[in-house]
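Okay, structure first, notes after.
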Amino acid sequence: MADRARLFCKDEVLTYSYLLLYIALSSGQIFFNKWVLSSKEINFPYPLGLTLLHMIFSSVLCFLLTKVFKILKVEEGMTTEIYVTSVMPIGAMFAMTLWLGNTAYMYISVAFAQMLKAIMPVAVFVLGVAAGLEVMSCRMLLIMSVISFGVLVASYGELNISWIGVVYQMGGVVGEALRLIFMEIFVKRKGLKLNPISVMFYVSPCSALCLFIPWIFLEKTKMEADASWNFPIVVLTLNSLCTFALNLSVFLVITHTSALTIRVAGVVKDWVVVLISALLFADTKLTLINLVGYAIAIAGVAAYNNFKLKKEASRVTPEESESSQPLQAATTSDSK
């Protein structure tokens, strides 16, 4: 019993560590990308090209770490059928999410872009129910509604709306919701156990290919015709390295929790980004309505975490009685 309690506590600490790492990296990367894309700062105003650079960097780094230096190991078991039916959809949605999300920052403020993600928890939950990953319940619908309502209230009053930016951001929301669902199916339901670096090894090249094709038609000609943009190698390399670390943390969280959990963590991250952006950017003004709305959202996050932890704790005993495998194997490869 004592060993079981220690394993459970260790797993919870590890899960929350991954969540905090994801929130910190994701928040920092948003400001980093905004800084790189801004014509007043680094002046690399090509979001598709920047996202393509991230995926190429990730592909090369994964190859070096696993095949050249052999610091990390790529898990075996990948088949053509799994790659086509799972990895390619994940890679395509991953590319879509990063591309459209980065493009939105060219038209709308960082704060408003995060506020538009209010519908994400509900979107992931509904898609998760349809895919059999989540269970429909009135309580969960209420919690998701509270979170979304809170962020919507916080975003009320936005005056300088660019509908082009809104379309880009909402397209990124759809892509991310689908990616997270595909990711959970790939990691948890296909029976293939891959560590995070293995997932990046397989997904990054596919995402790079999905980005390269539209880049040829949408940005390549513009970049060749315009000589005013900058390409600081050190800054862009550091930006790509931070993106790699962020993507790795996303897969770590998905492996240890669920798509819905990371989206709820994403709401917390959005809240942090909005507050920090109010301090960094003069065009972001927070009102009492904003603060009340985010307080409602955080209350929803707390309610969800409490519900999820109780649910997972109640599953420990039934799972142990149904399986003859050691508890350590279950918690290591598929911590739910």
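So you can find residues: chains in the structure tokens are A, B, ... in the order shown, residues in each start at 1, and ligands are numbered from 1 in order.
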
* Asked: Could you pull out the helix (DSSP H, G or I) residues of segment 8-123 of chain A from DSSP and send them as an NGL selection string?
  -> :A and (8-37 or 47-68 or 80-104 or 110-123)

* Show which residues sit within 10 Å of segment 167-176 of chain A, as number ranges by chain. Count only C-alpha atoms, and ignore same-chain residues fewer than 5 positions away. => A: 90, 92-108, 112-114, 116-120, 123-124, 162, 181-182, 259, 263

Selected residues written out with N, CA, C and O atoms, as a short mmCIF file (atom, residue, chain, number, x, y, z; two decimals), in the first residue's frame:
```
data_model
loop_
_atom_site.label_atom_id
_atom_site.label_comp_id
_atom_site.auth_asym_id
_atom_site.auth_seq_id
_atom_site.Cartn_x
_atom_site.Cartn_y
_atom_site.Cartn_z
N ILE A 90 -1.58 13.74 -37.78
CA ILE A 90 -1.02 14.54 -36.69
C ILE A 90 -0.07 15.60 -37.24
O ILE A 90 -0.13 16.78 -36.86
N ALA A 92 -0.01 16.91 -40.26
CA ALA A 92 -0.75 17.92 -41.02
C ALA A 92 -1.45 18.91 -40.09
O ALA A 92 -1.41 20.13 -40.32
N MET A 93 -2.10 18.40 -39.04
CA MET A 93 -2.78 19.29 -38.09
C MET A 93 -1.79 20.11 -37.29
O MET A 93 -2.05 21.27 -36.94
N PHE A 94 -0.65 19.52 -36.97
CA PHE A 94 0.40 20.23 -36.27
C PHE A 94 0.88 21.42 -37.10
O PHE A 94 1.03 22.55 -36.60
N ALA A 95 1.13 21.17 -38.38
CA ALA A 95 1.57 22.22 -39.28
C ALA A 95 0.50 23.32 -39.41
O ALA A 95 0.81 24.52 -39.37
N MET A 96 -0.75 22.91 -39.54
CA MET A 96 -1.85 23.86 -39.66
C MET A 96 -1.97 24.74 -38.42
O MET A 96 -2.14 25.97 -38.52
N THR A 97 -1.86 24.13 -37.25
CA THR A 97 -1.98 24.87 -35.99
C THR A 97 -0.89 25.92 -35.86
O THR A 97 -1.17 27.09 -35.56
N LEU A 98 0.36 25.53 -36.07
CA LEU A 98 1.48 26.45 -35.90
C LEU A 98 1.46 27.56 -36.95
O LEU A 98 1.70 28.73 -36.63
N TRP A 99 1.18 27.21 -38.17
CA TRP A 99 1.15 28.19 -39.26
C TRP A 99 0.07 29.24 -39.03
O TRP A 99 0.34 30.44 -39.02
N LEU A 100 -1.17 28.81 -38.84
CA LEU A 100 -2.27 29.75 -38.70
C LEU A 100 -2.16 30.54 -37.40
O LEU A 100 -2.49 31.74 -37.36
N GLY A 101 -1.69 29.89 -36.33
CA GLY A 101 -1.52 30.59 -35.06
C GLY A 101 -0.49 31.69 -35.14
O GLY A 101 -0.70 32.81 -34.65
N ASN A 102 0.64 31.42 -35.78
CA ASN A 102 1.67 32.44 -35.94
C ASN A 102 1.22 33.56 -36.86
O ASN A 102 1.54 34.74 -36.64
N THR A 103 0.46 33.22 -37.90
CA THR A 103 -0.03 34.23 -38.83
C THR A 103 -1.01 35.18 -38.15
O THR A 103 -1.04 36.38 -38.47
N ALA A 104 -1.80 34.68 -37.22
CA ALA A 104 -2.78 35.52 -36.52
C ALA A 104 -2.10 36.68 -35.80
O ALA A 104 -2.68 37.77 -35.69
N TYR A 105 -0.87 36.47 -35.30
CA TYR A 105 -0.18 37.52 -34.57
C TYR A 105 0.21 38.69 -35.47
O TYR A 105 0.58 39.76 -34.96
N MET A 106 0.13 38.49 -36.76
CA MET A 106 0.40 39.58 -37.70
C MET A 106 -0.77 40.56 -37.79
O MET A 106 -0.61 41.69 -38.26
N TYR A 107 -1.95 40.15 -37.33
CA TYR A 107 -3.16 40.95 -37.50
C TYR A 107 -3.83 41.36 -36.19
O TYR A 107 -4.51 42.39 -36.14
N ILE A 108 -3.68 40.57 -35.14
CA ILE A 108 -4.34 40.87 -33.87
C ILE A 108 -3.32 40.84 -32.74
O ILE A 108 -2.22 40.30 -32.90
N PHE A 112 -5.61 39.34 -27.44
CA PHE A 112 -6.87 38.97 -28.10
C PHE A 112 -6.75 37.60 -28.76
O PHE A 112 -7.72 36.83 -28.80
N ALA A 113 -5.58 37.28 -29.27
CA ALA A 113 -5.38 35.96 -29.89
C ALA A 113 -5.60 34.86 -28.86
O ALA A 113 -6.22 33.83 -29.15
N GLN A 114 -5.11 35.07 -27.64
CA GLN A 114 -5.31 34.06 -26.61
C GLN A 114 -6.77 33.99 -26.16
O GLN A 114 -7.30 32.91 -25.87
N LEU A 116 -9.35 34.41 -27.98
CA LEU A 116 -10.14 33.72 -28.98
C LEU A 116 -10.10 32.20 -28.81
O LEU A 116 -10.92 31.48 -29.39
N LYS A 117 -9.17 31.72 -28.02
CA LYS A 117 -9.07 30.28 -27.79
C LYS A 117 -10.05 29.79 -26.73
O LYS A 117 -9.97 28.65 -26.28
N ALA A 118 -10.97 30.65 -26.34
CA ALA A 118 -11.92 30.29 -25.28
C ALA A 118 -12.70 29.02 -25.58
O ALA A 118 -13.02 28.24 -24.67
N ILE A 119 -13.00 28.79 -26.85
CA ILE A 119 -13.84 27.65 -27.22
C ILE A 119 -13.06 26.34 -27.25
O ILE A 119 -13.66 25.26 -27.37
N MET A 120 -11.74 26.40 -27.12
CA MET A 120 -10.92 25.21 -27.28
C MET A 120 -11.27 24.05 -26.33
O MET A 120 -11.41 22.91 -26.78
N ALA A 123 -14.32 22.39 -27.58
CA ALA A 123 -14.08 21.74 -28.87
C ALA A 123 -13.37 20.40 -28.67
O ALA A 123 -13.74 19.38 -29.26
N VAL A 124 -12.33 20.39 -27.82
CA VAL A 124 -11.59 19.16 -27.59
C VAL A 124 -12.46 18.14 -26.87
O VAL A 124 -12.41 16.94 -27.17
N SER A 162 -9.56 42.60 -36.14
CA SER A 162 -9.22 42.28 -37.53
C SER A 162 -9.82 40.92 -37.83
O SER A 162 -9.39 39.91 -37.26
N ILE A 181 -6.56 15.39 -30.43
CA ILE A 181 -7.34 14.16 -30.44
C ILE A 181 -6.59 13.06 -31.18
O ILE A 181 -6.48 11.92 -30.70
N PHE A 182 -6.04 13.38 -32.35
CA PHE A 182 -5.24 12.40 -33.10
C PHE A 182 -4.04 11.94 -32.27
O PHE A 182 -3.68 10.76 -32.29
N ALA A 259 -5.74 14.93 -23.93
CA ALA A 259 -5.84 16.12 -24.77
C ALA A 259 -6.61 17.22 -24.07
O ALA A 259 -6.28 18.40 -24.18
N ARG A 263 -5.43 21.17 -22.81
CA ARG A 263 -6.17 22.35 -23.24
C ARG A 263 -6.59 23.19 -22.04
O ARG A 263 -6.61 24.41 -22.10
#
```

* To do: Identify, on the basis of only C-alpha atoms, every residue whose closest approach to segment 56-68 of chain A does not exceed 12 Å; exclude the query and any residue fewer than 5 positions from it along the same chain; express the result as a PyMOL selection string.
  => chain A and resi 49-51+73-75+91+95+195-212+236-248

Could those residues be written to a file, using N, CA and C atoms, as a short mmCIF file (atom, residue, chain, number, x, y, z; two decimals), in the first residue's frame?
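File produced: out-v6.cif:
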```cif
data_model
loop_
_atom_site.label_atom_id
_atom_site.label_comp_id
_atom_site.auth_asym_id
_atom_site.auth_seq_id
_atom_site.Cartn_x
_atom_site.Cartn_y
_atom_site.Cartn_z
N GLY A 49 7.11 30.73 -43.20
CA GLY A 49 8.54 30.41 -43.28
C GLY A 49 9.14 30.14 -41.92
N LEU A 50 8.71 30.90 -40.90
CA LEU A 50 9.21 30.68 -39.54
C LEU A 50 8.79 29.31 -39.02
N THR A 51 7.54 28.95 -39.25
CA THR A 51 7.04 27.64 -38.81
C THR A 51 7.74 26.51 -39.54
N LYS A 73 16.89 7.16 -27.99
CA LYS A 73 16.50 6.01 -28.80
C LYS A 73 15.10 6.20 -29.36
N VAL A 74 14.95 5.88 -30.64
CA VAL A 74 13.64 5.87 -31.28
C VAL A 74 13.02 4.49 -31.10
N GLU A 75 11.83 4.47 -30.56
CA GLU A 75 11.15 3.20 -30.30
C GLU A 75 10.79 2.50 -31.61
N GLY A 91 0.79 15.20 -38.16
CA GLY A 91 1.73 16.14 -38.76
C GLY A 91 1.03 17.25 -39.51
N ALA A 95 1.13 21.17 -38.38
CA ALA A 95 1.57 22.22 -39.28
C ALA A 95 0.50 23.32 -39.41
N ASN A 195 8.26 7.07 -26.97
CA ASN A 195 8.66 8.16 -26.10
C ASN A 195 8.53 9.48 -26.86
N PRO A 196 8.55 10.61 -26.15
CA PRO A 196 8.31 11.91 -26.80
C PRO A 196 9.25 12.20 -27.96
N ILE A 197 10.53 11.86 -27.82
CA ILE A 197 11.48 12.14 -28.90
C ILE A 197 11.15 11.31 -30.14
N SER A 198 10.61 10.11 -29.94
CA SER A 198 10.22 9.27 -31.08
C SER A 198 9.04 9.90 -31.82
N VAL A 199 8.10 10.45 -31.07
CA VAL A 199 6.96 11.11 -31.69
C VAL A 199 7.43 12.29 -32.52
N MET A 200 8.34 13.10 -31.96
CA MET A 200 8.86 14.24 -32.70
C MET A 200 9.64 13.78 -33.93
N PHE A 201 10.36 12.67 -33.79
CA PHE A 201 11.16 12.12 -34.90
C PHE A 201 10.26 11.79 -36.09
N TYR A 202 9.09 11.22 -35.81
CA TYR A 202 8.19 10.83 -36.89
C TYR A 202 7.30 11.97 -37.38
N VAL A 203 6.88 12.86 -36.46
CA VAL A 203 5.91 13.89 -36.82
C VAL A 203 6.55 15.09 -37.52
N SER A 204 7.72 15.52 -37.05
CA SER A 204 8.34 16.75 -37.57
C SER A 204 8.58 16.75 -39.08
N PRO A 205 9.15 15.68 -39.66
CA PRO A 205 9.35 15.70 -41.12
C PRO A 205 8.04 15.81 -41.89
N CYS A 206 7.00 15.14 -41.39
CA CYS A 206 5.70 15.22 -42.05
C CYS A 206 5.15 16.64 -41.99
N SER A 207 5.29 17.29 -40.83
CA SER A 207 4.83 18.67 -40.68
C SER A 207 5.63 19.60 -41.58
N ALA A 208 6.94 19.37 -41.68
CA ALA A 208 7.78 20.20 -42.54
C ALA A 208 7.34 20.09 -44.00
N LEU A 209 7.02 18.88 -44.44
CA LEU A 209 6.56 18.69 -45.81
C LEU A 209 5.22 19.39 -46.04
N CYS A 210 4.32 19.30 -45.07
CA CYS A 210 3.02 19.95 -45.19
C CYS A 210 3.14 21.47 -45.23
N LEU A 211 4.18 22.01 -44.62
CA LEU A 211 4.41 23.46 -44.62
C LEU A 211 5.19 23.91 -45.86
N PHE A 212 6.06 23.05 -46.35
CA PHE A 212 6.91 23.42 -47.48
C PHE A 212 6.09 23.69 -48.74
N LEU A 236 17.15 33.10 -34.64
CA LEU A 236 16.22 32.13 -35.20
C LEU A 236 16.56 30.70 -34.74
N THR A 237 17.85 30.42 -34.54
CA THR A 237 18.23 29.11 -34.02
C THR A 237 17.73 28.94 -32.59
N LEU A 238 17.90 29.97 -31.78
CA LEU A 238 17.40 29.92 -30.40
C LEU A 238 15.88 29.81 -30.38
N ASN A 239 15.22 30.54 -31.28
CA ASN A 239 13.76 30.47 -31.39
C ASN A 239 13.30 29.06 -31.77
N SER A 240 14.01 28.45 -32.70
CA SER A 240 13.68 27.08 -33.12
C SER A 240 13.93 26.08 -32.00
N LEU A 241 15.00 26.29 -31.24
CA LEU A 241 15.31 25.40 -30.12
C LEU A 241 14.24 25.48 -29.04
N CYS A 242 13.75 26.69 -28.77
CA CYS A 242 12.67 26.86 -27.79
C CYS A 242 11.39 26.19 -28.28
N THR A 243 11.13 26.29 -29.56
CA THR A 243 9.95 25.64 -30.13
C THR A 243 10.06 24.12 -30.01
N PHE A 244 11.25 23.58 -30.25
CA PHE A 244 11.46 22.14 -30.10
C PHE A 244 11.18 21.70 -28.67
N ALA A 245 11.70 22.45 -27.71
CA ALA A 245 11.46 22.13 -26.30
C ALA A 245 9.97 22.21 -25.96
N LEU A 246 9.28 23.20 -26.51
CA LEU A 246 7.85 23.34 -26.28
C LEU A 246 7.08 22.16 -26.85
N ASN A 247 7.36 21.80 -28.09
CA ASN A 247 6.67 20.67 -28.72
C ASN A 247 6.92 19.37 -27.95
N LEU A 248 8.13 19.22 -27.44
CA LEU A 248 8.46 18.03 -26.66
C LEU A 248 7.64 18.01 -25.37
#
```

* Would you kindly return, as a PyMOL selection string, each protein, DNA or RNA residue with an atom no farther than 12 Å from any atom of Ile23 of chain A, considering only C-alpha atoms and excluding same-chain residues fewer than 3 positions away? => chain A and resi 16-20+26-30+245-247+249-250+253+262-273

* Asked: Hey, what's within 10 Å of segment 285-292 of chain A if we count only C-alpha atoms and toss same-chain stuff fewer than 6 positions away? As a PyMOL selection string, please?
  -> chain A and resi 111+115+150-158+271+274-275+277-279+298

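One distance worth recording is that between atom CA of Ser228 of chain A and atom CA of Ile42 of chain A, which is 11.1 Å.
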
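Using only C-alpha atoms for every distance, the candidate list A:Val110, A:Val146, A:Met183, A:Ile161 yields A:Met183 as the residue closest to Ala131 of chain A.
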
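For the pair atom CA of Val235 of chain A and atom CA of Val36 of chain A, the separation is 8.2 Å.
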
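Distance-wise, atom CA of Val234 of chain A and atom CA of Leu48 of chain A end up 19.2 Å apart.
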
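Remark: for Leu52 of chain A, the closest of the candidate residues A:Ile185, A:Trp215, A:Lys310, A:Leu280 is A:Trp215 (distances computed over only C-alpha atoms).
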